[in-house]
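Chemist: Enclosed is the structure file work_21.txt (compact mmCIF, C-alpha atoms).
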# COMPACT_ATOMS: atom_id res chain seq x y z
CA GLN D 1101 93.15 120.57 83.58
CA LYS D 1102 94.57 117.15 82.78
CA GLU D 1103 92.54 114.38 84.38
CA VAL D 1104 92.77 110.67 84.96
CA GLU D 1105 89.50 108.97 85.87
CA GLN D 1106 88.94 105.63 87.58
CA ASN D 1107 85.87 104.05 89.13
CA SER D 1108 86.45 104.07 92.87
CA GLY D 1109 84.83 100.65 93.34
CA PRO D 1110 84.86 98.51 95.24
CA LEU D 1111 85.19 95.97 92.49
CA SER D 1112 84.41 92.57 93.96
CA VAL D 1113 85.43 89.35 92.20
CA PRO D 1114 85.62 85.74 93.39
CA GLU D 1115 88.95 83.99 93.68
CA GLY D 1116 90.11 82.65 90.32
CA ALA D 1117 88.11 85.14 88.25
CA ILE D 1118 89.44 87.88 85.97
CA ALA D 1119 89.44 91.37 87.44
CA SER D 1120 89.22 94.22 84.95
CA LEU D 1121 90.20 97.73 86.01
CA ASN D 1122 89.77 100.70 83.73
CA CYS D 1123 91.20 104.18 83.46
CA THR D 1124 90.49 107.05 81.09
CA TYR D 1125 92.62 110.14 80.58
CA SER D 1126 92.00 113.54 79.08
CA ASP D 1127 95.38 114.57 77.65
CA ARG D 1128 95.80 113.29 74.09
CA GLY D 1129 99.53 114.01 74.35
CA SER D 1130 100.01 111.38 77.06
CA GLN D 1131 102.74 108.91 76.24
CA SER D 1132 103.43 106.82 79.32
CA PHE D 1133 100.99 104.81 81.39
CA PHE D 1134 101.48 103.06 84.69
CA TRP D 1135 99.57 100.85 87.08
CA TYR D 1136 100.40 100.89 90.77
CA ARG D 1137 99.09 98.64 93.51
CA GLN D 1138 98.61 100.03 97.00
CA TYR D 1139 97.81 97.90 100.02
CA SER D 1140 96.04 99.55 102.92
CA GLY D 1141 98.49 101.61 104.96
CA LYS D 1142 101.33 101.06 102.49
CA SER D 1143 102.82 103.12 99.69
CA PRO D 1144 102.10 102.52 95.98
CA GLU D 1145 104.24 99.99 94.14
CA LEU D 1146 104.62 99.84 90.38
CA ILE D 1147 103.23 96.68 88.79
CA MET D 1148 102.95 97.49 85.10
CA PHE D 1149 103.84 100.15 82.57
CA ILE D 1150 102.93 100.49 78.91
CA TYR D 1151 103.92 102.98 76.25
CA SER D 1152 102.50 101.56 73.00
CA ASN D 1153 99.01 100.72 71.84
CA GLY D 1154 98.02 97.13 72.41
CA ASP D 1155 98.58 94.63 75.19
CA LYS D 1156 101.48 94.00 77.50
CA GLU D 1157 101.53 90.88 79.62
CA ASP D 1158 103.49 90.12 82.77
CA GLY D 1159 102.50 86.95 84.57
CA ARG D 1160 98.87 87.22 85.65
CA PHE D 1161 98.74 90.91 84.73
CA THR D 1162 97.91 92.40 81.32
CA ALA D 1163 97.91 96.11 80.60
CA GLN D 1164 95.93 97.30 77.59
CA LEU D 1165 96.30 100.69 75.95
CA ASN D 1166 94.04 102.35 73.40
CA LYS D 1167 95.30 105.84 72.65
CA ALA D 1168 92.54 106.63 70.15
CA SER D 1169 89.92 106.05 72.84
CA GLN D 1170 92.16 107.39 75.59
CA TYR D 1171 91.82 104.50 77.96
CA VAL D 1172 94.13 102.07 79.63
CA SER D 1173 93.07 98.94 81.47
CA LEU D 1174 94.56 96.33 83.74
CA LEU D 1175 93.43 92.73 83.68
CA ILE D 1176 94.29 90.41 86.54
CA ARG D 1177 93.80 86.75 85.69
CA ASP D 1178 93.24 84.05 88.31
CA SER D 1179 92.61 86.71 90.95
CA GLN D 1180 93.82 85.89 94.45
CA PRO D 1181 92.79 87.32 97.83
CA SER D 1182 96.30 88.81 98.00
CA ASP D 1183 95.37 90.97 94.99
CA SER D 1184 92.88 92.84 97.18
CA ALA D 1185 94.21 96.39 97.14
CA THR D 1186 93.68 99.79 95.57
CA TYR D 1187 94.99 100.11 92.03
CA LEU D 1188 96.17 103.50 90.84
CA CYS D 1189 96.44 104.49 87.21
CA ALA D 1190 99.08 107.12 86.36
CA VAL D 1191 99.62 108.91 83.07
CA GLY D 1192 102.59 110.90 81.84
CA SER D 1193 103.00 113.49 79.11
CA ASP D 1194 106.26 114.80 77.75
CA GLN D 1195 104.88 118.32 77.85
CA ALA D 1196 107.31 120.46 79.81
CA GLY D 1197 106.31 121.28 83.33
CA THR D 1198 104.20 118.24 83.98
CA ALA D 1199 104.65 115.29 86.24
CA LEU D 1200 102.63 112.08 86.31
CA ILE D 1201 98.90 112.51 86.79
CA PHE D 1202 97.38 109.91 89.11
CA GLY D 1203 93.82 108.68 89.22
CA LYS D 1204 92.16 108.28 92.61
CA GLY D 1205 92.29 104.53 92.38
CA THR D 1206 89.96 101.55 92.20
CA THR D 1207 89.59 99.29 95.20
CA LEU D 1208 89.60 95.60 94.32
CA SER D 1209 88.28 92.95 96.68
CA VAL D 1210 88.90 89.29 95.88
CA SER D 1211 86.86 86.87 97.96
CA SER D 1212 87.95 83.30 98.66
CA ASP J 1129 117.10 98.04 93.83
CA VAL J 1130 115.85 101.60 94.07
CA LYS J 1131 115.37 102.70 97.58
CA VAL J 1132 113.48 105.75 98.73
CA THR J 1133 113.51 106.30 102.45
CA GLN J 1134 111.58 108.72 104.60
CA SER J 1135 112.72 109.93 107.99
CA SER J 1136 109.69 108.83 110.01
CA ARG J 1137 106.81 106.40 109.57
CA TYR J 1138 104.64 108.13 112.16
CA LEU J 1139 104.83 111.67 113.46
CA VAL J 1140 102.67 113.59 115.91
CA LYS J 1141 103.05 117.37 116.07
CA ARG J 1142 101.20 120.22 117.67
CA THR J 1143 99.44 123.03 115.84
CA GLY J 1144 101.86 125.83 114.99
CA GLU J 1145 104.98 123.70 115.10
CA LYS J 1146 107.47 123.72 112.25
CA VAL J 1147 107.69 120.24 110.76
CA PHE J 1148 110.41 118.75 108.59
CA LEU J 1149 109.85 115.61 106.52
CA GLU J 1150 112.97 114.19 104.95
CA CYS J 1151 113.26 111.97 101.91
CA VAL J 1152 116.41 110.31 100.56
CA GLN J 1153 116.83 108.27 97.37
CA ASP J 1154 119.87 106.23 96.44
CA MET J 1155 119.54 105.89 92.65
CA ASP J 1156 120.84 109.25 91.48
CA HIS J 1157 117.39 110.25 90.23
CA GLU J 1158 116.94 113.74 88.88
CA ASN J 1159 113.31 114.10 89.91
CA MET J 1160 111.77 113.97 93.35
CA PHE J 1161 108.19 114.52 94.43
CA TRP J 1162 106.12 115.12 97.54
CA TYR J 1163 102.49 114.01 97.69
CA ARG J 1164 99.85 113.84 100.33
CA GLN J 1165 97.19 111.17 100.27
CA ASP J 1166 93.81 111.46 101.92
CA PRO J 1167 90.80 109.09 101.75
CA GLY J 1168 88.62 109.90 98.76
CA LEU J 1169 91.03 112.53 97.44
CA GLY J 1170 93.76 110.31 96.07
CA LEU J 1171 97.36 111.38 95.64
CA ARG J 1172 97.82 115.11 95.43
CA LEU J 1173 101.12 116.61 94.31
CA ILE J 1174 102.50 119.25 96.67
CA TYR J 1175 105.89 120.07 95.13
CA PHE J 1176 108.40 118.47 92.88
CA SER J 1177 112.03 119.08 92.02
CA TYR J 1178 113.80 118.24 88.77
CA ASP J 1179 117.29 119.30 89.84
CA VAL J 1180 119.24 120.44 92.86
CA LYS J 1181 117.93 123.76 94.18
CA MET J 1182 115.08 123.66 91.63
CA LYS J 1183 111.46 123.26 92.63
CA GLU J 1184 108.05 123.52 91.07
CA LYS J 1185 104.68 123.88 92.71
CA GLY J 1186 102.26 121.05 92.37
CA ASP J 1187 98.51 121.16 92.84
CA ILE J 1188 98.40 122.03 96.54
CA PRO J 1189 101.56 123.94 97.60
CA GLU J 1190 99.85 126.28 100.08
CA GLY J 1191 101.19 125.88 103.59
CA TYR J 1192 104.26 123.92 102.44
CA SER J 1193 107.77 124.65 101.27
CA VAL J 1194 110.57 122.39 100.06
CA SER J 1195 114.32 122.24 99.99
CA ARG J 1196 116.69 120.32 97.76
CA GLU J 1197 120.29 121.11 98.60
CA LYS J 1198 121.65 117.74 97.46
CA LYS J 1199 120.51 115.52 94.61
CA GLU J 1200 119.57 112.61 96.85
CA ARG J 1201 117.62 114.55 99.47
CA PHE J 1202 114.30 116.38 99.21
CA SER J 1203 112.72 117.92 102.28
CA LEU J 1204 109.15 119.01 102.85
CA ILE J 1205 108.59 121.76 105.39
CA LEU J 1206 105.37 122.69 107.12
CA GLU J 1207 106.14 126.19 108.37
CA SER J 1208 103.29 126.24 110.89
CA ALA J 1209 101.48 122.94 111.10
CA SER J 1210 97.69 122.98 111.13
CA THR J 1211 95.17 120.21 111.82
CA ASN J 1212 94.13 120.12 108.15
CA GLN J 1213 97.65 118.98 107.30
CA THR J 1214 97.07 115.70 109.09
CA SER J 1215 97.65 113.19 106.31
CA MET J 1216 99.84 110.50 104.80
CA TYR J 1217 102.85 112.09 103.11
CA LEU J 1218 104.57 110.19 100.33
CA CYS J 1219 107.89 110.95 98.70
CA ALA J 1220 108.80 109.59 95.29
CA SER J 1221 111.66 109.77 92.83
CA SER J 1222 112.09 109.09 89.12
CA LEU J 1223 114.82 109.14 86.55
CA MET J 1224 112.86 111.33 84.15
CA ARG J 1225 109.92 113.59 84.90
CA THR J 1226 107.34 111.30 83.36
CA SER J 1227 108.96 107.94 83.93
CA PHE J 1228 107.70 105.67 86.67
CA GLN J 1229 108.07 106.89 90.19
CA TYR J 1230 109.39 104.91 93.11
CA PHE J 1231 107.67 105.68 96.37
CA GLY J 1232 109.01 105.78 99.88
CA PRO J 1233 107.13 104.04 102.71
CA GLY J 1234 105.24 107.20 103.69
CA THR J 1235 104.97 109.31 106.82
CA ARG J 1236 101.67 109.43 108.62
CA LEU J 1237 101.55 112.88 110.18
CA THR J 1238 99.03 113.80 112.84
CA VAL J 1239 98.71 117.43 113.87
CA THR J 1240 96.84 117.96 117.13
Would you mind giving the structure from this file in C-alpha cells?
Modeler:
Amino acid sequence: QKEVEQNSGPLSVPEGAIASLNCTYSDRGSQSFFWYRQYSGKSPELIMFIYSNGDKEDGRFTAQLNKASQYVSLLIRDSQPSDSATYLCAVGSDQAGTALIFGKGTTLSVSS
Amino acid sequence: DVKVTQSSRYLVKRTGEKVFLECVQDMDHENMFWYRQDPGLGLRLIYFSYDVKMKEKGDIPEGYSVSREKKERFSLILESASTNQTSMYLCASSLMRTSFQYFGPGTRLTVT
C-alpha cells in the first residue's frame, strides 16, 4: 500500500515567520511531487511541483525534495494570515495503474 | 486557463435516490478523477478514467459507478444514496495520469 504521510497539525506560526511543512512517502519509485493549498470549504489548488532532488523556489514558496530519504517539504517565507489553510502533499509514480497519492494534509495557522 | 466545472455546489438528496454528479473539463485532458473528502480522512479516490469509456476503481468504489461517454465529461453516479455518502465530492482532471491535477469547485452532497 503506497502511503503519503503528513502531520495533521495545526502548525501555528506568527506572521512573518517561516512555516515548514513536511511530507514522507513510501514508494521509492515516485517521480512527481506536488503541493496543494486548500482553504476551508474550497477545493485544492496547486501551488508547487517538483520532480528533481534539491530545491525549487517560487516567490515565497520553496519546495525541497530528497528522494534518498523519501521526503518532500514546503517552506513558506514571510508567512501571512492569508496562508492559513490546509496543505496537501501529493506524490505520483509512473507505475501503470496508479494515480496521485495524496496525504491527509497539514493545517497551517498564521497569526497576526 | 484550465477549467473544471461541477454541476452543483450544494445538493440535498433523500436516502435511496439515484444521484448524478457531473464534471466537465475544457482542456482536452485524458485523465479524470472523482474523490470524496471527509474531515480527518483526507481525499479518497473513488474512480478514475484515463480514456473515453475506460474506468478504473480507486480506493473506495463501493456504492458508486461512473460514466465517461465523452472526453470532457465524467459523471459519478450514486445508485441508491445512503447517509454515509454525505460528503464533499471533488472532480479533477490531468493531462497525464501522474501529472498535476486540476480540481473543480466541489459538490457538497447531503443525504437525509
Chemist: Can you pull out the residues contacting Val1191 of chain D? Cut-off 6 Å, using only C-alpha atoms, and skip same-chain residues under 3 positions away; I want them as a compact mmCIF listing (two decimals) with C-alpha atoms, in the coordinates of the input.
Modeler:
# COMPACT_ATOMS: atom_id res chain seq x y z
CA SER D 1132 103.43 106.82 79.32
CA PHE D 1133 100.99 104.81 81.39
CA LEU D 1200 102.63 112.08 86.31
CA ILE D 1201 98.90 112.51 86.79
Chemist: Go through chain J residue by residue and, counting only C-alpha atoms, keep those with an atom at most 12 Å from chain D; for each kept residue give the shortest atom pair and its distance in Å to one decimal, ordered by chain and increasing number, as a Markdown table.
Modeler:
| residue | atom | partner | partner_atom | distance |
| --- | --- | --- | --- | --- |
| J:Val1130 | CA | D:Glu1145 | CA | 11.7 |
| J:Lys1131 | CA | D:Glu1145 | CA | 12.0 |
| J:Val1132 | CA | D:Ser1143 | CA | 11.0 |
| J:Thr1133 | CA | D:Ser1143 | CA | 11.5 |
| J:Gln1134 | CA | D:Ser1143 | CA | 11.5 |
| J:Arg1137 | CA | D:Lys1142 | CA | 10.4 |
| J:Tyr1138 | CA | D:Gly1141 | CA | 11.5 |
| J:Asn1159 | CA | D:Ala1199 | CA | 9.5 |
| J:Met1160 | CA | D:Ala1199 | CA | 10.1 |
| J:Phe1161 | CA | D:Ala1199 | CA | 9.0 |
| J:Trp1162 | CA | D:Ala1199 | CA | 11.4 |
| J:Tyr1163 | CA | D:Phe1202 | CA | 10.8 |
| J:Arg1164 | CA | D:Ser1143 | CA | 11.1 |
| J:Gln1165 | CA | D:Lys1204 | CA | 9.6 |
| J:Asp1166 | CA | D:Lys1204 | CA | 10.0 |
| J:Pro1167 | CA | D:Lys1204 | CA | 9.3 |
| J:Gly1168 | CA | D:Lys1204 | CA | 7.3 |
| J:Leu1169 | CA | D:Lys1204 | CA | 6.5 |
| J:Gly1170 | CA | D:Lys1204 | CA | 4.3 |
| J:Leu1171 | CA | D:Phe1202 | CA | 6.7 |
| J:Arg1172 | CA | D:Phe1202 | CA | 8.2 |
| J:Leu1173 | CA | D:Ile1201 | CA | 8.8 |
| J:Ile1174 | CA | D:Ala1199 | CA | 11.4 |
| J:Tyr1175 | CA | D:Ala1199 | CA | 10.2 |
| J:Phe1176 | CA | D:Ala1199 | CA | 8.3 |
| J:Ser1177 | CA | D:Ala1199 | CA | 10.1 |
| J:Tyr1178 | CA | D:Gly1197 | CA | 9.7 |
| J:Lys1183 | CA | D:Gly1197 | CA | 10.8 |
| J:Glu1184 | CA | D:Gly1197 | CA | 8.2 |
| J:Lys1185 | CA | D:Gly1197 | CA | 9.9 |
| J:Gly1186 | CA | D:Ala1199 | CA | 8.7 |
| J:Asp1187 | CA | D:Ile1201 | CA | 10.6 |
| J:Ser1215 | CA | D:Gly1141 | CA | 11.7 |
| J:Met1216 | CA | D:Gly1141 | CA | 9.0 |
| J:Tyr1217 | CA | D:Ser1143 | CA | 9.6 |
| J:Leu1218 | CA | D:Ser1143 | CA | 7.3 |
| J:Cys1219 | CA | D:Ser1143 | CA | 9.4 |
| J:Ala1220 | CA | D:Pro1144 | CA | 9.8 |
| J:Ser1221 | CA | D:Ala1199 | CA | 11.1 |
| J:Ser1222 | CA | D:Ala1199 | CA | 10.1 |
| J:Leu1223 | CA | D:Ala1199 | CA | 11.9 |
| J:Met1224 | CA | D:Ala1199 | CA | 9.4 |
| J:Arg1225 | CA | D:Ala1199 | CA | 5.7 |
| J:Thr1226 | CA | D:Gly1192 | CA | 5.0 |
| J:Ser1227 | CA | D:Ser1132 | CA | 7.3 |
| J:Phe1228 | CA | D:Phe1134 | CA | 7.0 |
| J:Gln1229 | CA | D:Leu1146 | CA | 7.9 |
| J:Tyr1230 | CA | D:Glu1145 | CA | 7.2 |
| J:Phe1231 | CA | D:Ser1143 | CA | 6.4 |
| J:Gly1232 | CA | D:Ser1143 | CA | 6.7 |
| J:Pro1233 | CA | D:Ser1143 | CA | 5.3 |
| J:Gly1234 | CA | D:Ser1143 | CA | 6.2 |
| J:Thr1235 | CA | D:Ser1143 | CA | 9.7 |
| J:Arg1236 | CA | D:Gly1141 | CA | 9.2 |
Chemist: Selected residues, C-alpha atoms, written as an mmCIF file, keeping the file's coordinate frame, please.
Modeler:
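Dumped to part26.cif:
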data_model
loop_
_atom_site.group_PDB
_atom_site.id
_atom_site.type_symbol
_atom_site.label_atom_id
_atom_site.label_comp_id
_atom_site.auth_asym_id
_atom_site.auth_seq_id
_atom_site.Cartn_x
_atom_site.Cartn_y
_atom_site.Cartn_z
ATOM 1 C CA VAL J 1130 115.850 101.600 94.070
ATOM 2 C CA LYS J 1131 115.370 102.700 97.580
ATOM 3 C CA VAL J 1132 113.480 105.750 98.730
ATOM 4 C CA THR J 1133 113.510 106.300 102.450
ATOM 5 C CA GLN J 1134 111.580 108.720 104.600
ATOM 6 C CA ARG J 1137 106.810 106.400 109.570
ATOM 7 C CA TYR J 1138 104.640 108.130 112.160
ATOM 8 C CA ASN J 1159 113.310 114.100 89.910
ATOM 9 C CA MET J 1160 111.770 113.970 93.350
ATOM 10 C CA PHE J 1161 108.190 114.520 94.430
ATOM 11 C CA TRP J 1162 106.120 115.120 97.540
ATOM 12 C CA TYR J 1163 102.490 114.010 97.690
ATOM 13 C CA ARG J 1164 99.850 113.840 100.330
ATOM 14 C CA GLN J 1165 97.190 111.170 100.270
ATOM 15 C CA ASP J 1166 93.810 111.460 101.920
ATOM 16 C CA PRO J 1167 90.800 109.090 101.750
ATOM 17 C CA GLY J 1168 88.620 109.900 98.760
ATOM 18 C CA LEU J 1169 91.030 112.530 97.440
ATOM 19 C CA GLY J 1170 93.760 110.310 96.070
ATOM 20 C CA LEU J 1171 97.360 111.380 95.640
ATOM 21 C CA ARG J 1172 97.820 115.110 95.430
ATOM 22 C CA LEU J 1173 101.120 116.610 94.310
ATOM 23 C CA ILE J 1174 102.500 119.250 96.670
ATOM 24 C CA TYR J 1175 105.890 120.070 95.130
ATOM 25 C CA PHE J 1176 108.400 118.470 92.880
ATOM 26 C CA SER J 1177 112.030 119.080 92.020
ATOM 27 C CA TYR J 1178 113.800 118.240 88.770
ATOM 28 C CA LYS J 1183 111.460 123.260 92.630
ATOM 29 C CA GLU J 1184 108.050 123.520 91.070
ATOM 30 C CA LYS J 1185 104.680 123.880 92.710
ATOM 31 C CA GLY J 1186 102.260 121.050 92.370
ATOM 32 C CA ASP J 1187 98.510 121.160 92.840
ATOM 33 C CA SER J 1215 97.650 113.190 106.310
ATOM 34 C CA MET J 1216 99.840 110.500 104.800
ATOM 35 C CA TYR J 1217 102.850 112.090 103.110
ATOM 36 C CA LEU J 1218 104.570 110.190 100.330
ATOM 37 C CA CYS J 1219 107.890 110.950 98.700
ATOM 38 C CA ALA J 1220 108.800 109.590 95.290
ATOM 39 C CA SER J 1221 111.660 109.770 92.830
ATOM 40 C CA SER J 1222 112.090 109.090 89.120
ATOM 41 C CA LEU J 1223 114.820 109.140 86.550
ATOM 42 C CA MET J 1224 112.860 111.330 84.150
ATOM 43 C CA ARG J 1225 109.920 113.590 84.900
ATOM 44 C CA THR J 1226 107.340 111.300 83.360
ATOM 45 C CA SER J 1227 108.960 107.940 83.930
ATOM 46 C CA PHE J 1228 107.700 105.670 86.670
ATOM 47 C CA GLN J 1229 108.070 106.890 90.190
ATOM 48 C CA TYR J 1230 109.390 104.910 93.110
ATOM 49 C CA PHE J 1231 107.670 105.680 96.370
ATOM 50 C CA GLY J 1232 109.010 105.780 99.880
ATOM 51 C CA PRO J 1233 107.130 104.040 102.710
ATOM 52 C CA GLY J 1234 105.240 107.200 103.690
ATOM 53 C CA THR J 1235 104.970 109.310 106.820
ATOM 54 C CA ARG J 1236 101.670 109.430 108.620
#
Chemist: Quick one: distance from atom CA of Cys1123 of chain D to atom CA of Gln1170 of chain D in Å, one decimal?
Modeler: 8.6 Å
Chemist: Distance atom CA of Ile1118 of chain D-atom CA of Ala1168 of chain D, one decimal place?
Modeler: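 Atom CA of Ile1118 of chain D sits 24.7 Å away from atom CA of Ala1168 of chain D.
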Chemist: Within 12 Å of (95.4, 87.5, 94.7) (file coordinates; only C-alpha atoms), which protein or nucleic acid residues are there? I'd like them as a PyMOL selection string.
Modeler: chain D and resi 1113-1119+1137+1139+1160-1161+1176-1185+1208-1212
Chemist: Pick out the residues sitting within 9 Å of segment 1195-1207 of chain J, and hand them over as a ChimeraX atom specification; count all atoms listed in the file, and ignore anything fewer than 4 positions along from it in its own chain.
Modeler: /J:1144-1162,1175-1177,1179-1183,1191,1213,1219
Chemist: By how many Å are atom CA of Val1172 of chain D and atom CA of Ser1126 of chain D apart?
Modeler: 11.7 Å
Chemist: If the box runs along x, y and z of the file and leaves 3 Å on each side of segment 1222-1238 of chain J, what are its centre and edge lengths in Å, one decimal, as JSON?
Modeler:
{"center_x": 106.9, "center_y": 108.9, "center_z": 98.1, "size_x": 21.8, "size_y": 15.8, "size_z": 35.5}
Chemist: With the input short on atoms, add N, CA, C and O atoms back to segment 1155-1169 of chain J and write it as a short mmCIF file (atom, residue, chain, number, x, y, z; two decimals), keeping the file's coordinate frame.
Modeler:
data_model
loop_
_atom_site.label_atom_id
_atom_site.label_comp_id
_atom_site.auth_asym_id
_atom_site.auth_seq_id
_atom_site.Cartn_x
_atom_site.Cartn_y
_atom_site.Cartn_z
N MET J 1155 119.34 106.30 94.04
CA MET J 1155 119.54 105.89 92.65
C MET J 1155 119.91 107.04 91.74
O MET J 1155 119.79 106.93 90.52
N ASP J 1156 120.38 108.14 92.30
CA ASP J 1156 120.84 109.25 91.48
C ASP J 1156 119.74 109.81 90.57
O ASP J 1156 120.00 110.27 89.45
N HIS J 1157 118.50 109.76 91.03
CA HIS J 1157 117.39 110.25 90.23
C HIS J 1157 117.36 111.77 90.20
O HIS J 1157 117.63 112.43 91.20
N GLU J 1158 117.02 112.29 89.02
CA GLU J 1158 116.94 113.74 88.88
C GLU J 1158 115.70 114.31 89.57
O GLU J 1158 115.73 115.41 90.09
N ASN J 1159 114.60 113.56 89.51
CA ASN J 1159 113.31 114.10 89.91
C ASN J 1159 112.84 113.53 91.24
O ASN J 1159 112.93 112.32 91.48
N MET J 1160 112.34 114.42 92.08
CA MET J 1160 111.77 113.97 93.35
C MET J 1160 110.46 114.71 93.59
O MET J 1160 110.28 115.84 93.12
N PHE J 1161 109.57 114.04 94.30
CA PHE J 1161 108.19 114.52 94.43
C PHE J 1161 107.72 114.37 95.87
O PHE J 1161 108.11 113.42 96.56
N TRP J 1162 106.85 115.27 96.28
CA TRP J 1162 106.12 115.12 97.54
C TRP J 1162 104.62 115.15 97.26
O TRP J 1162 104.12 116.04 96.58
N TYR J 1163 103.94 114.12 97.80
CA TYR J 1163 102.49 114.01 97.69
C TYR J 1163 101.90 113.92 99.10
O TYR J 1163 102.55 113.49 100.04
N ARG J 1164 100.63 114.26 99.18
CA ARG J 1164 99.85 113.84 100.33
C ARG J 1164 98.69 113.01 99.83
O ARG J 1164 98.23 113.19 98.68
N GLN J 1165 98.27 112.07 100.67
CA GLN J 1165 97.19 111.17 100.27
C GLN J 1165 96.14 111.14 101.37
O GLN J 1165 96.45 110.83 102.53
N ASP J 1166 94.93 111.44 100.99
CA ASP J 1166 93.81 111.46 101.92
C ASP J 1166 92.68 110.62 101.35
O ASP J 1166 92.49 110.58 100.12
N PRO J 1167 91.90 109.94 102.22
CA PRO J 1167 90.80 109.09 101.75
C PRO J 1167 89.85 109.85 100.84
O PRO J 1167 89.41 110.96 101.17
N GLY J 1168 89.55 109.29 99.69
CA GLY J 1168 88.62 109.90 98.76
C GLY J 1168 89.22 110.99 97.87
O GLY J 1168 88.60 111.39 96.88
N LEU J 1169 90.41 111.44 98.22
CA LEU J 1169 91.03 112.53 97.44
C LEU J 1169 92.21 112.04 96.61
O LEU J 1169 92.72 112.78 95.77
#
